[in-house]
Each structure stands twice: as structure tokens, then as C-alpha cells.
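Remarks on the structure that follows.
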Amino acid sequence: VELDEALARRRADRNYLPDPVAPELIDRLVDAAQRAPTASNVPYRHVLIVDDPAIVRQVRLISAALLANAPALLVVFTDLRLAVERVGPIAALSSAIDSGAAGENVWLAATALGLGTQFTMISAMAGIRVLLGLPDTCRVDLIMPVGHPSPNYRTGAPARIRPPVHWNRYGNAERSG
Ligand SMILES: Cc1cc2nc3c(=O)[nH]c(=O)nc-3n(C[C@H](O)[C@H](O)[C@H](O)COP(=O)(O)O)c2cc1C
């Protein structure tokens, strides 16, 4: 799949088939996440895969927002202590940006592989860190359900909104020249 096609096809999937995702496909998603940059090239961003059905179920119990019935979860989290130590006070922001970069890499790779995923904002919910056994110094940034998308789901997807773009100065709709 060409990049342009993956960009066009990427959508938030909220409905999955129960079939498990092959380990080699999960490995491709992990690889995509790891290829995303971090500020100052400090390895403070982590990926955790949940493929144990019991733990997937527990995470879903915590969260009403994680609507998808996905067979696996890809979690992106930050070792905030290392990030602040090595990058300084800007690390709180830079690490969130880095996690978004990793998540988008995963999303595009999943699209290219015919898998479905999306971002969910349940990361900060009480209990997630404990459930996954993360140290207190870690912040969960993204929980991405991963599965084979249900074939009928996307037909009802709304048209994608195009967020605003400016040229040179705020509010300017024309490029220079
Ligand atoms: C930072 C972020 C957080 C999101 N959180 C959720 C969420 O908690 N639950 C959900 O169903 N979708 C969530 N989404 C998916 C968006 O609603 C979806 O990407 C958006 O409506 C655009 O649709 P598209 O991805 O199909 O183009 C999130 C997306 C982003 C970028």
C-alpha cells in the first residue's frame, strides 16, 4: 500500500472481528511505533502489547470509552522520570507529541496491513497503570485497540473533517506568490 492510500484509508475503527491478530502483524505494529522519533532521541517512550484476553477484558471493564471489542491492545506510555531527567521541563509536552507520532505510525501501518485501530483517551483512567503493572513514574498516553476490522463497520463512517490550515500568518488562506 502506498503512503497516500494508507493516509486516505486510515479511519477510527470501533468494531472488530473476534479473530486474533497474527503475532507477525503485531510485530509490524510494534516496529512502526519504535520507528517514530522521541525528543533528543531519548528512549523514554514504551510500547506494551496486551494479547492476554483476560487483561484485555479487564481494561475494557475500566473504560466505557474503549468501545471496541478488539482482541489485542497496543499501549503507548512514557517513562516521565527519564523524560524530565534527560529532556527537562518541556518533556511533559514533548513526550505527548512523541506518543502521538508513534500512535500515528501504528495507525498507518495497521491500515496498510488491513488491520483496524484507533486512539482512545482512557489512558489517564484510574486503574489502567495498576492493571498493566507500570511503575508510578510512567504515564499511559494511548491505548489502541487492534483487530481485524468488521467489514460492515466503515460504511457508516462520517466524512473526515479537514482541520484548518494557514499560510505564513494566522488566518491567511493563500500561499505566498
Ligand atoms: C487524541 C485522540 C483521542 C481519541 N480518543 C477517542 C476515544 O476515546 N474514543 C473513540 O471512540 N475515538 C477516539 N478518537 C478517534 C476520533 O474520534 C477519530 O479519529 C476522529 O473522529 C476522526 O475520524 P477518523 O479517524 O475516522 O478520520 C480519538 C482520536 C484522537 C486523535
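Chain labels follow the order of the C-alpha cells: the first chain is A, the next B, and so on; residue numbering restarts at 1 in every chain, and ligands are counted from 1 in their shown order.
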
Item to complete: Please give me, as an MDAnalysis selection string, the residues lying within 6 Å of ligand 1 when counting only C-alpha atoms and all ligand atoms.
Response: chainID A and resid 11:12 65 118:121 160

Those residues with N, CA, C and O atoms, as a PDB file, in the first residue's frame please?
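The resulting result.pdb:
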```
ATOM      1  N   ARG A  11      -8.933   5.205   9.170  1.00  0.00           N
ATOM      2  CA  ARG A  11     -10.132   5.650   9.878  1.00  0.00           C
ATOM      3  C   ARG A  11     -10.123   5.081  11.289  1.00  0.00           C
ATOM      4  O   ARG A  11      -9.425   4.104  11.551  1.00  0.00           O
ATOM      5  N   ALA A  12     -10.905   5.696  12.162  1.00  0.00           N
ATOM      6  CA  ALA A  12     -11.063   5.153  13.510  1.00  0.00           C
ATOM      7  C   ALA A  12     -11.987   3.939  13.439  1.00  0.00           C
ATOM      8  O   ALA A  12     -13.141   4.076  13.051  1.00  0.00           O
ATOM      9  N   ALA A  65     -15.205   4.233  27.383  1.00  0.00           N
ATOM     10  CA  ALA A  65     -14.824   4.876  26.120  1.00  0.00           C
ATOM     11  C   ALA A  65     -14.181   3.886  25.150  1.00  0.00           C
ATOM     12  O   ALA A  65     -14.205   4.099  23.944  1.00  0.00           O
ATOM     13  N   GLN A 118      -7.586   2.531  16.522  1.00  0.00           N
ATOM     14  CA  GLN A 118      -7.927   3.927  16.746  1.00  0.00           C
ATOM     15  C   GLN A 118      -7.219   4.379  18.021  1.00  0.00           C
ATOM     16  O   GLN A 118      -6.565   3.580  18.704  1.00  0.00           O
ATOM     17  N   PHE A 119      -7.321   5.659  18.321  1.00  0.00           N
ATOM     18  CA  PHE A 119      -6.803   6.170  19.591  1.00  0.00           C
ATOM     19  C   PHE A 119      -7.947   6.141  20.598  1.00  0.00           C
ATOM     20  O   PHE A 119      -9.099   6.389  20.241  1.00  0.00           O
ATOM     21  N   THR A 120      -7.639   5.892  21.848  1.00  0.00           N
ATOM     22  CA  THR A 120      -8.644   6.129  22.879  1.00  0.00           C
ATOM     23  C   THR A 120      -8.009   6.953  23.991  1.00  0.00           C
ATOM     24  O   THR A 120      -6.802   6.867  24.239  1.00  0.00           O
ATOM     25  N   MET A 121      -8.860   7.748  24.638  1.00  0.00           N
ATOM     26  CA  MET A 121      -8.406   8.683  25.671  1.00  0.00           C
ATOM     27  C   MET A 121      -8.702   8.154  27.066  1.00  0.00           C
ATOM     28  O   MET A 121      -9.094   8.909  27.941  1.00  0.00           O
ATOM     29  N   ARG A 160     -14.560  12.647   6.675  1.00  0.00           N
ATOM     30  CA  ARG A 160     -13.492  13.144   7.535  1.00  0.00           C
ATOM     31  C   ARG A 160     -13.450  14.662   7.495  1.00  0.00           C
ATOM     32  O   ARG A 160     -13.495  15.284   6.442  1.00  0.00           O
TER      33      ARG A 160
END
```

Fill in: Selection: 12 Å around Ala39 of chain A, only C-alpha atoms, excl. self and same-chain fewer than 4 positions, as number ranges by chain
A: 43-45, 82-84, 86-88, 90-99, 101

Written selection (C-alpha atoms) as a PDB file, in the first residue's frame:
```
ATOM      1  CA  PRO A  43      14.163   6.303  24.698  1.00  0.00           C
ATOM      2  CA  TYR A  44      11.528   7.340  27.256  1.00  0.00           C
ATOM      3  CA  ARG A  45       8.597   6.073  25.182  1.00  0.00           C
ATOM      4  CA  LEU A  82      13.593   9.585  32.392  1.00  0.00           C
ATOM      5  CA  ALA A  83      11.958  12.105  30.050  1.00  0.00           C
ATOM      6  CA  VAL A  84      12.210  15.016  32.526  1.00  0.00           C
ATOM      7  CA  ARG A  86      17.056  13.962  30.073  1.00  0.00           C
ATOM      8  CA  VAL A  87      14.904  16.497  28.227  1.00  0.00           C
ATOM      9  CA  GLY A  88      13.937  18.926  31.016  1.00  0.00           C
ATOM     10  CA  ILE A  90       9.469  20.509  28.173  1.00  0.00           C
ATOM     11  CA  ALA A  91       9.348  16.721  28.436  1.00  0.00           C
ATOM     12  CA  ALA A  92       5.703  16.671  29.548  1.00  0.00           C
ATOM     13  CA  LEU A  93       4.743  18.169  26.187  1.00  0.00           C
ATOM     14  CA  SER A  94       7.394  16.545  24.013  1.00  0.00           C
ATOM     15  CA  SER A  95       6.564  13.083  25.283  1.00  0.00           C
ATOM     16  CA  ALA A  96       2.877  13.545  24.499  1.00  0.00           C
ATOM     17  CA  ILE A  97       3.820  14.614  20.971  1.00  0.00           C
ATOM     18  CA  ASP A  98       6.148  11.621  20.651  1.00  0.00           C
ATOM     19  CA  SER A  99       3.413   9.245  21.734  1.00  0.00           C
ATOM     20  CA  ALA A 101       3.793  10.277  16.482  1.00  0.00           C
TER      21      ALA A 101
END
```

Practice prompt. Excluding Asp141 of chain A and residues on its chain fewer than 4 positions from it, collect all residues at most 6 Å away from it, counting only C-alpha atoms, and give them as a count of residues only.
Written response: 3

Worksheet item: Between atom CA of Arg28 of chain A and atom CA of Ala110 of chain A, what is the distance, to one decimal in Å?
Response: 8.4 Å

Worksheet item: At what distance in Å, to one decimal, does atom CA of Pro71 of chain A lie from atom CA of Pro20 of chain A?
Response: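 Those two atoms sit 5.7 Å apart.
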
Using only C-alpha atoms, determine which residues lie at most 8 Å from Ile62 of chain A, disregarding the query and same-chain residues fewer than 2 positions distant; provide the list as a CSV table (one decimal) with all heavy atoms, in the first residue's frame.
```
chain,number,residue,atom,x,y,z
A,58,GLN,N,-10.2,-6.9,31.3
A,58,GLN,CA,-10.1,-6.1,32.5
A,58,GLN,C,-10.0,-4.6,32.0
A,58,GLN,O,-10.6,-3.7,32.6
A,58,GLN,CB,-8.9,-6.5,33.3
A,58,GLN,CG,-9.2,-7.7,34.1
A,58,GLN,CD,-7.9,-8.3,34.6
A,58,GLN,OE1,-6.8,-7.7,34.6
A,58,GLN,NE2,-7.9,-9.5,35.2
A,59,VAL,N,-9.2,-4.3,31.0
A,59,VAL,CA,-9.0,-2.9,30.6
A,59,VAL,C,-10.4,-2.4,30.1
A,59,VAL,O,-10.8,-1.3,30.4
A,59,VAL,CB,-7.9,-2.8,29.5
A,59,VAL,CG1,-7.9,-1.4,28.9
A,59,VAL,CG2,-6.6,-3.2,30.0
A,60,ARG,N,-11.1,-3.3,29.3
A,60,ARG,CA,-12.4,-2.8,28.8
A,60,ARG,C,-13.4,-2.6,29.9
A,60,ARG,O,-14.3,-1.7,29.8
A,60,ARG,CB,-12.9,-3.8,27.8
A,60,ARG,CG,-12.2,-3.7,26.5
A,60,ARG,CD,-12.7,-4.7,25.5
A,60,ARG,NE,-14.2,-4.6,25.3
A,60,ARG,CZ,-14.9,-5.6,24.8
A,60,ARG,NH1,-14.4,-6.7,24.6
A,60,ARG,NH2,-16.2,-5.3,24.6
A,64,ALA,N,-15.5,2.9,29.7
A,64,ALA,CA,-16.7,2.9,28.8
A,64,ALA,C,-16.3,3.4,27.4
A,64,ALA,O,-17.0,3.2,26.4
A,64,ALA,CB,-17.8,3.7,29.4
A,125,MET,N,-7.3,7.0,33.1
A,125,MET,CA,-8.3,6.5,34.0
A,125,MET,C,-7.6,5.7,35.1
A,125,MET,O,-6.7,4.9,34.9
A,125,MET,CB,-9.3,5.6,33.2
A,125,MET,CG,-10.1,6.5,32.3
A,125,MET,SD,-11.4,5.5,31.5
A,125,MET,CE,-12.8,6.1,32.4
A,127,GLY,N,-6.6,3.0,37.6
A,127,GLY,CA,-6.5,1.6,37.5
A,127,GLY,C,-5.8,1.0,36.3
A,127,GLY,O,-5.2,-0.1,36.3
A,128,ILE,N,-5.7,1.8,35.2
A,128,ILE,CA,-5.0,1.3,34.0
A,128,ILE,C,-3.6,1.0,34.3
A,128,ILE,O,-3.1,-0.1,34.0
A,128,ILE,CB,-5.1,2.3,32.8
A,128,ILE,CG1,-6.5,2.6,32.4
A,128,ILE,CG2,-4.2,1.9,31.7
A,128,ILE,CD1,-7.0,1.7,31.3
```

Discussion item. Measuring between only C-alpha atoms, which one of A:Pro164, A:Gly177, A:Pro89, A:Gly116 shows the shortest distance to Ile26 of chain A?
Written reply: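 Comparing A:Pro164, A:Gly177, A:Pro89, A:Gly116 against Ile26 of chain A, the winner is A:Gly116.
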
Item to complete: Quick one: pick out all alpha helix (DSSP H) residues within segment 12-117 of chain A from a backbone DSSP run and write them as a ChimeraX atom specification.
Response: /A:23-34,53-62,80-87,91-112
